>>> print(open('data32.pdb').read())   # PDB, C-alpha atoms
ATOM      1  CA  MET S 204     114.261 190.879 179.490
ATOM      2  CA  SER S 205     116.486 188.221 180.991
ATOM      3  CA  PHE S 206     118.314 185.300 179.463
ATOM      4  CA  LYS S 207     120.581 182.511 180.610
ATOM      5  CA  LEU S 208     124.124 182.156 179.413
ATOM      6  CA  LYS S 209     125.289 178.648 178.750
ATOM      7  CA  PRO S 210     128.997 178.063 179.425
ATOM      8  CA  PRO S 211     131.010 176.872 176.404
ATOM      9  CA  PHE S 212     132.465 174.021 178.459
ATOM     10  CA  ASN S 213     131.274 170.988 180.380
ATOM     11  CA  LYS S 214     130.469 172.040 183.930
ATOM     12  CA  PHE S 215     131.628 168.688 185.298
ATOM     13  CA  PRO S 216     134.519 167.521 183.136
ATOM     14  CA  THR S 217     135.869 164.035 183.659
ATOM     15  CA  PRO S 218     139.389 164.166 185.112
ATOM     16  CA  ILE S 219     141.979 162.547 182.854
ATOM     17  CA  VAL S 220     145.134 161.303 184.557
ATOM     18  CA  ASN S 221     148.284 159.874 182.959
ATOM     19  CA  VAL S 222     149.489 156.859 184.939
ATOM     20  CA  GLU S 223     151.783 153.878 184.621
ATOM     21  CA  PHE S 224     149.903 150.567 184.478
ATOM     22  CA  GLU S 225     151.344 147.364 185.904
ATOM     23  CA  GLU S 226     149.535 145.304 183.267
ATOM     24  CA  GLU S 227     150.978 145.182 179.765
ATOM     25  CA  ASN S 228     148.933 146.445 176.823
ATOM     26  CA  VAL S 229     146.542 148.525 178.951
ATOM     27  CA  ILE S 230     145.847 151.837 177.246
ATOM     28  CA  GLY S 231     143.190 153.272 179.521
ATOM     29  CA  ARG S 232     140.723 152.608 182.284
ATOM     30  CA  ALA S 233     137.735 154.306 183.904
ATOM     31  CA  ASP S 234     137.771 154.125 187.690
ATOM     32  CA  LYS S 235     134.916 154.223 190.184
ATOM     33  CA  ARG S 236     135.775 157.788 191.200
ATOM     34  CA  GLY S 237     134.913 159.069 187.742
ATOM     35  CA  ASN S 238     138.479 159.432 186.502
ATOM     36  CA  ILE S 239     139.860 158.322 183.174
ATOM     37  CA  LEU S 240     143.315 156.837 183.557
ATOM     38  CA  ILE S 241     145.520 156.900 180.448
ATOM     39  CA  ASN S 242     148.764 154.953 180.054
ATOM     40  CA  LYS S 243     151.488 157.587 180.363
ATOM     41  CA  ASN S 244     153.533 155.879 177.621
ATOM     42  CA  ILE S 245     150.868 156.532 174.961
ATOM     43  CA  THR S 246     151.800 159.543 172.839
ATOM     44  CA  ASP S 247     149.614 159.149 169.729
ATOM     45  CA  PRO S 248     146.982 161.941 169.983
ATOM     46  CA  GLU S 249     144.446 159.949 167.942
ATOM     47  CA  LEU S 250     144.788 156.902 170.219
ATOM     48  CA  ILE S 251     144.468 159.117 173.288
ATOM     49  CA  THR S 252     141.261 160.667 171.912
ATOM     50  CA  GLU S 253     139.812 157.243 171.057
ATOM     51  CA  THR S 254     140.674 155.985 174.535
ATOM     52  CA  ILE S 255     139.046 158.983 176.226
ATOM     53  CA  ASN S 256     135.883 158.512 174.134
ATOM     54  CA  HIS S 257     135.835 154.793 174.983
ATOM     55  CA  GLU S 258     136.364 155.304 178.712
ATOM     56  CA  ASN S 259     133.775 158.109 178.851
ATOM     57  CA  VAL S 260     131.177 155.521 177.845
ATOM     58  CA  HIS S 261     132.193 153.422 180.861
ATOM     59  CA  ILE S 262     132.034 156.502 183.111
ATOM     60  CA  GLY S 263     128.431 157.017 181.957
ATOM     61  CA  GLN S 264     127.602 153.335 182.439
ATOM     62  CA  MET S 265     128.882 153.461 186.013
ATOM     63  CA  ALA S 266     127.097 156.759 186.708
ATOM     64  CA  ARG S 267     123.785 155.214 185.596
ATOM     65  CA  GLY S 268     124.403 152.109 187.723
ATOM     66  CA  ASP S 269     124.623 149.777 184.725
ATOM     67  CA  LEU S 270     128.286 148.869 185.274
ATOM     68  CA  ASP S 271     130.290 148.101 188.387
ATOM     69  CA  TYR S 272     133.368 146.048 189.147
ATOM     70  CA  ASP S 273     135.622 144.618 191.799
ATOM     71  CA  GLU S 274     138.809 142.576 191.673
ATOM     72  CA  LYS S 275     137.008 139.328 190.841
ATOM     73  CA  ALA S 276     134.034 140.332 188.710
ATOM     74  CA  MET S 277     132.271 142.847 186.483
ATOM     75  CA  TYR S 278     128.595 143.570 187.106
ATOM     76  CA  TRP S 279     126.476 144.575 184.124
ATOM     77  CA  LYS S 280     122.853 145.495 184.755
ATOM     78  CA  GLY S 281     122.715 143.200 187.767
ATOM     79  CA  LYS S 282     124.443 140.226 186.143
ATOM     80  CA  LYS S 283     127.806 139.054 187.476
ATOM     81  CA  TYR S 284     130.642 138.226 185.054
ATOM     82  CA  LEU S 285     133.680 136.583 186.648
ATOM     83  CA  ARG S 286     136.863 138.139 185.327
ATOM     84  CA  SER S 287     138.367 134.662 185.006
ATOM     85  CA  SER S 288     135.698 133.774 182.418
ATOM     86  CA  PHE S 289     136.430 136.442 179.790
ATOM     87  CA  ALA S 290     139.218 138.483 178.242
ATOM     88  CA  GLU S 291     139.347 142.094 179.433
ATOM     89  CA  GLY S 292     138.423 144.448 176.594
ATOM     90  CA  ASP S 293     136.604 141.778 174.553
ATOM     91  CA  LYS S 294     134.572 143.781 172.045
ATOM     92  CA  THR S 295     131.583 141.430 172.387
ATOM     93  CA  LEU S 296     131.055 142.031 176.112
ATOM     94  CA  PRO S 297     127.807 143.934 176.697
ATOM     95  CA  TRP S 298     129.520 146.884 178.402
ATOM     96  CA  GLU S 299     132.353 147.019 175.853
ATOM     97  CA  ALA S 300     130.330 147.006 172.609
ATOM     98  CA  PRO S 301     128.935 150.565 173.080
ATOM     99  CA  ALA S 302     132.337 151.819 174.245
ATOM    100  CA  TYR S 303     134.065 150.559 171.104
ATOM    101  CA  LYS S 304     131.391 152.246 168.957
ATOM    102  CA  ALA S 305     132.258 155.581 170.615
ATOM    103  CA  GLU S 306     135.864 155.441 169.459
TER     104      GLU S 306
END
>>> encode(input="data32.pdb", output="structure tokens")
Amino acid sequence: MSFKLKPPFNKFPTPIVNVEFEEENVIGRADKRGNILINKNITDPELITETINHENVHIGQMARGDLDYDEKAMYWKGKKYLRSSFAEGDKTLPWEAPAYKAE
């Protein structure tokens, strides 16, 4: 009789990198390469966990093709949102609402 062993870890974990952000008040960011970038000055373990959970939602959104971005705009399910027309991290944005629920 044969059986399959399931590893006790995620086979494709999301890389988490501590970086210094040029922008003030940025805690974390998900990049197009599938990395989660965390502000290296954040030391609160609870805030780090919340940020990772939040950014993992964005990683999934990008992997599904729902979310994309460039320097001038965010693209959510085919609709373009100019960055100049909203505040980054606004909890009411369609791609942010599910990410804030994951915290």
>>> residues_around(input="data32.pdb", residues="Lys280 (chain S)", least_positions_apart="3", cutoff="12 Å", atoms="all atoms listed in the file", output="list in words")
Gln264, Met265, Arg267, Gly268, Asp269, Leu270, Asp271, Tyr272, Met277, Lys283, Tyr284, Pro297 and Trp298 of chain S
>>> atom_distance(input="data32.pdb", atom1="CA of Asn259 (chain S)", atom2="CA of Ser288 (chain S)")
24.7 Å
>>> atom_distance(input="data32.pdb", atom1="CA of His257 (chain S)", atom2="CA of Pro301 (chain S)")
8.3 Å
>>> atom_distance(input="data32.pdb", atom1="CA of Asn256 (chain S)", atom2="CA of Leu240 (chain S)")
12.1 Å
>>> closest_residue(input="data32.pdb", among="S:Ile262, S:Ala276, S:Leu250, S:Val222", to="Ala302 (chain S)", atoms="all atoms listed in the file")
S:Ile262
>>> closest_residue(input="data32.pdb", among="S:Ile230, S:Lys235, S:Asp273, S:Glu225", to="Thr254 (chain S)", atoms="only C-alpha atoms")
S:Ile230
>>> closest_residue(input="data32.pdb", among="S:Glu291, S:His261, S:Ile251, S:Phe224", to="Asn238 (chain S)", atoms="only C-alpha atoms")
S:His261
>>> closest_residue(input="data32.pdb", among="S:Thr217, S:Thr252, S:Glu227, S:Tyr278", to="Ile239 (chain S)", atoms="only C-alpha atoms")
S:Thr217
>>> closest_residue(input="data32.pdb", among="S:Lys275, S:Lys243, S:Lys294, S:Arg236", to="Glu223 (chain S)", atoms="all atoms listed in the file")
S:Lys243
>>> closest_residue(input="data32.pdb", among="S:Trp279, S:Arg286, S:Val229, S:Asp247", to="Glu299 (chain S)", atoms="only C-alpha atoms")
S:Trp279
>>> decode(input="data32.pdb", residues="region 261-301 of chain S", atoms="N, CA and C atoms", output="PDB file, in the first residue's frame")
ATOM      1  N   HIS S 261      -1.952  40.785  -1.325  1.00  0.00           N
ATOM      2  CA  HIS S 261      -1.562  41.442  -2.576  1.00  0.00           C
ATOM      3  C   HIS S 261      -0.749  40.504  -3.481  1.00  0.00           C
ATOM      4  N   ILE S 262       0.087  39.671  -2.884  1.00  0.00           N
ATOM      5  CA  ILE S 262       0.840  38.685  -3.676  1.00  0.00           C
ATOM      6  C   ILE S 262      -0.149  37.775  -4.420  1.00  0.00           C
ATOM      7  N   GLY S 263      -1.173  37.308  -3.718  1.00  0.00           N
ATOM      8  CA  GLY S 263      -2.194  36.467  -4.345  1.00  0.00           C
ATOM      9  C   GLY S 263      -2.968  37.208  -5.421  1.00  0.00           C
ATOM     10  N   GLN S 264      -3.301  38.466  -5.169  1.00  0.00           N
ATOM     11  CA  GLN S 264      -4.022  39.271  -6.156  1.00  0.00           C
ATOM     12  C   GLN S 264      -3.200  39.429  -7.432  1.00  0.00           C
ATOM     13  N   MET S 265      -1.903  39.661  -7.280  1.00  0.00           N
ATOM     14  CA  MET S 265      -1.043  39.798  -8.453  1.00  0.00           C
ATOM     15  C   MET S 265      -0.871  38.457  -9.169  1.00  0.00           C
ATOM     16  N   ALA S 266      -0.760  37.381  -8.403  1.00  0.00           N
ATOM     17  CA  ALA S 266      -0.597  36.050  -9.002  1.00  0.00           C
ATOM     18  C   ALA S 266      -1.816  35.659  -9.837  1.00  0.00           C
ATOM     19  N   ARG S 267      -3.004  36.059  -9.387  1.00  0.00           N
ATOM     20  CA  ARG S 267      -4.237  35.770 -10.126  1.00  0.00           C
ATOM     21  C   ARG S 267      -4.449  36.712 -11.308  1.00  0.00           C
ATOM     22  N   GLY S 268      -3.685  37.810 -11.361  1.00  0.00           N
ATOM     23  CA  GLY S 268      -3.863  38.785 -12.431  1.00  0.00           C
ATOM     24  C   GLY S 268      -4.883  39.854 -12.111  1.00  0.00           C
ATOM     25  N   ASP S 269      -5.364  39.896 -10.870  1.00  0.00           N
ATOM     26  CA  ASP S 269      -6.336  40.917 -10.479  1.00  0.00           C
ATOM     27  C   ASP S 269      -5.677  42.271 -10.246  1.00  0.00           C
ATOM     28  N   LEU S 270      -4.440  42.281  -9.769  1.00  0.00           N
ATOM     29  CA  LEU S 270      -3.758  43.506  -9.387  1.00  0.00           C
ATOM     30  C   LEU S 270      -2.431  43.632 -10.129  1.00  0.00           C
ATOM     31  N   ASP S 271      -2.171  44.842 -10.588  1.00  0.00           N
ATOM     32  CA  ASP S 271      -0.880  45.167 -11.192  1.00  0.00           C
ATOM     33  C   ASP S 271      -0.615  46.643 -10.899  1.00  0.00           C
ATOM     34  N   TYR S 272       0.594  47.071 -11.132  1.00  0.00           N
ATOM     35  CA  TYR S 272       0.928  48.467 -10.873  1.00  0.00           C
ATOM     36  C   TYR S 272       2.125  48.903 -11.689  1.00  0.00           C
ATOM     37  N   ASP S 273       2.253  50.210 -11.840  1.00  0.00           N
ATOM     38  CA  ASP S 273       3.458  50.826 -12.355  1.00  0.00           C
ATOM     39  C   ASP S 273       3.639  52.125 -11.582  1.00  0.00           C
ATOM     40  N   GLU S 274       4.566  52.949 -11.998  1.00  0.00           N
ATOM     41  CA  GLU S 274       4.853  54.168 -11.247  1.00  0.00           C
ATOM     42  C   GLU S 274       3.679  55.142 -11.208  1.00  0.00           C
ATOM     43  N   LYS S 275       2.836  55.130 -12.230  1.00  0.00           N
ATOM     44  CA  LYS S 275       1.765  56.114 -12.327  1.00  0.00           C
ATOM     45  C   LYS S 275       0.383  55.600 -11.956  1.00  0.00           C
ATOM     46  N   ALA S 276       0.199  54.285 -11.953  1.00  0.00           N
ATOM     47  CA  ALA S 276      -1.165  53.774 -11.745  1.00  0.00           C
ATOM     48  C   ALA S 276      -1.177  52.393 -11.102  1.00  0.00           C
ATOM     49  N   MET S 277      -2.341  52.064 -10.546  1.00  0.00           N
ATOM     50  CA  MET S 277      -2.660  50.711 -10.079  1.00  0.00           C
ATOM     51  C   MET S 277      -3.718  50.191 -11.049  1.00  0.00           C
ATOM     52  N   TYR S 278      -3.703  48.894 -11.298  1.00  0.00           N
ATOM     53  CA  TYR S 278      -4.666  48.281 -12.199  1.00  0.00           C
ATOM     54  C   TYR S 278      -5.369  47.171 -11.423  1.00  0.00           C
ATOM     55  N   TRP S 279      -6.674  47.331 -11.246  1.00  0.00           N
ATOM     56  CA  TRP S 279      -7.456  46.358 -10.493  1.00  0.00           C
ATOM     57  C   TRP S 279      -8.525  45.780 -11.397  1.00  0.00           C
ATOM     58  N   LYS S 280      -8.393  44.505 -11.698  1.00  0.00           N
ATOM     59  CA  LYS S 280      -9.339  43.781 -12.540  1.00  0.00           C
ATOM     60  C   LYS S 280      -9.644  44.549 -13.824  1.00  0.00           C
ATOM     61  N   GLY S 281      -8.571  45.049 -14.441  1.00  0.00           N
ATOM     62  CA  GLY S 281      -8.685  45.722 -15.727  1.00  0.00           C
ATOM     63  C   GLY S 281      -8.988  47.211 -15.663  1.00  0.00           C
ATOM     64  N   LYS S 282      -9.259  47.730 -14.487  1.00  0.00           N
ATOM     65  CA  LYS S 282      -9.561  49.157 -14.348  1.00  0.00           C
ATOM     66  C   LYS S 282      -8.314  49.888 -13.853  1.00  0.00           C
ATOM     67  N   LYS S 283      -8.049  51.044 -14.456  1.00  0.00           N
ATOM     68  CA  LYS S 283      -6.867  51.831 -14.124  1.00  0.00           C
ATOM     69  C   LYS S 283      -7.207  52.875 -13.069  1.00  0.00           C
ATOM     70  N   TYR S 284      -6.381  52.948 -12.020  1.00  0.00           N
ATOM     71  CA  TYR S 284      -6.518  53.936 -10.956  1.00  0.00           C
ATOM     72  C   TYR S 284      -5.224  54.745 -10.903  1.00  0.00           C
ATOM     73  N   LEU S 285      -5.292  56.018 -11.285  1.00  0.00           N
ATOM     74  CA  LEU S 285      -4.104  56.862 -11.235  1.00  0.00           C
ATOM     75  C   LEU S 285      -3.685  57.078  -9.790  1.00  0.00           C
ATOM     76  N   ARG S 286      -2.416  56.897  -9.519  1.00  0.00           N
ATOM     77  CA  ARG S 286      -1.916  57.064  -8.158  1.00  0.00           C
ATOM     78  C   ARG S 286      -2.159  58.477  -7.632  1.00  0.00           C
ATOM     79  N   SER S 287      -2.198  59.446  -8.516  1.00  0.00           N
ATOM     80  CA  SER S 287      -2.428  60.830  -8.104  1.00  0.00           C
ATOM     81  C   SER S 287      -3.862  61.068  -7.630  1.00  0.00           C
ATOM     82  N   SER S 288      -4.754  60.094  -7.856  1.00  0.00           N
ATOM     83  CA  SER S 288      -6.165  60.288  -7.512  1.00  0.00           C
ATOM     84  C   SER S 288      -6.589  59.616  -6.205  1.00  0.00           C
ATOM     85  N   PHE S 289      -5.669  58.972  -5.506  1.00  0.00           N
ATOM     86  CA  PHE S 289      -6.025  58.315  -4.249  1.00  0.00           C
ATOM     87  C   PHE S 289      -4.829  58.297  -3.306  1.00  0.00           C
ATOM     88  N   ALA S 290      -5.110  58.029  -2.052  1.00  0.00           N
ATOM     89  CA  ALA S 290      -4.052  57.899  -1.044  1.00  0.00           C
ATOM     90  C   ALA S 290      -3.633  56.436  -0.971  1.00  0.00           C
ATOM     91  N   GLU S 291      -2.334  56.188  -1.081  1.00  0.00           N
ATOM     92  CA  GLU S 291      -1.820  54.818  -0.981  1.00  0.00           C
ATOM     93  C   GLU S 291      -2.261  54.210   0.354  1.00  0.00           C
ATOM     94  N   GLY S 292      -2.722  52.986   0.334  1.00  0.00           N
ATOM     95  CA  GLY S 292      -3.120  52.306   1.559  1.00  0.00           C
ATOM     96  C   GLY S 292      -4.524  52.622   2.032  1.00  0.00           C
ATOM     97  N   ASP S 293      -5.281  53.411   1.266  1.00  0.00           N
ATOM     98  CA  ASP S 293      -6.662  53.735   1.629  1.00  0.00           C
ATOM     99  C   ASP S 293      -7.454  52.435   1.781  1.00  0.00           C
ATOM    100  N   LYS S 294      -8.027  52.242   2.947  1.00  0.00           N
ATOM    101  CA  LYS S 294      -8.718  50.986   3.257  1.00  0.00           C
ATOM    102  C   LYS S 294      -9.950  50.730   2.397  1.00  0.00           C
ATOM    103  N   THR S 295     -10.442  51.743   1.695  1.00  0.00           N
ATOM    104  CA  THR S 295     -11.639  51.570   0.868  1.00  0.00           C
ATOM    105  C   THR S 295     -11.317  51.189  -0.574  1.00  0.00           C
ATOM    106  N   LEU S 296     -10.047  51.198  -0.952  1.00  0.00           N
ATOM    107  CA  LEU S 296      -9.685  50.797  -2.311  1.00  0.00           C
ATOM    108  C   LEU S 296     -10.005  49.317  -2.496  1.00  0.00           C
ATOM    109  N   PRO S 297     -10.469  48.933  -3.682  1.00  0.00           N
ATOM    110  CA  PRO S 297     -10.923  47.548  -3.867  1.00  0.00           C
ATOM    111  C   PRO S 297      -9.859  46.485  -3.640  1.00  0.00           C
ATOM    112  N   TRP S 298      -8.602  46.797  -3.880  1.00  0.00           N
ATOM    113  CA  TRP S 298      -7.531  45.823  -3.634  1.00  0.00           C
ATOM    114  C   TRP S 298      -7.030  45.874  -2.192  1.00  0.00           C
ATOM    115  N   GLU S 299      -7.317  46.963  -1.485  1.00  0.00           N
ATOM    116  CA  GLU S 299      -6.863  47.087  -0.099  1.00  0.00           C
ATOM    117  C   GLU S 299      -7.851  46.483   0.893  1.00  0.00           C
ATOM    118  N   ALA S 300      -9.139  46.577   0.628  1.00  0.00           N
ATOM    119  CA  ALA S 300     -10.146  46.097   1.592  1.00  0.00           C
ATOM    120  C   ALA S 300      -9.898  44.642   2.011  1.00  0.00           C
ATOM    121  N   PRO S 301      -9.697  43.698   1.065  1.00  0.00           N
ATOM    122  CA  PRO S 301      -9.438  42.313   1.490  1.00  0.00           C
ATOM    123  C   PRO S 301      -8.109  42.154   2.222  1.00  0.00           C
TER     124      PRO S 301
END
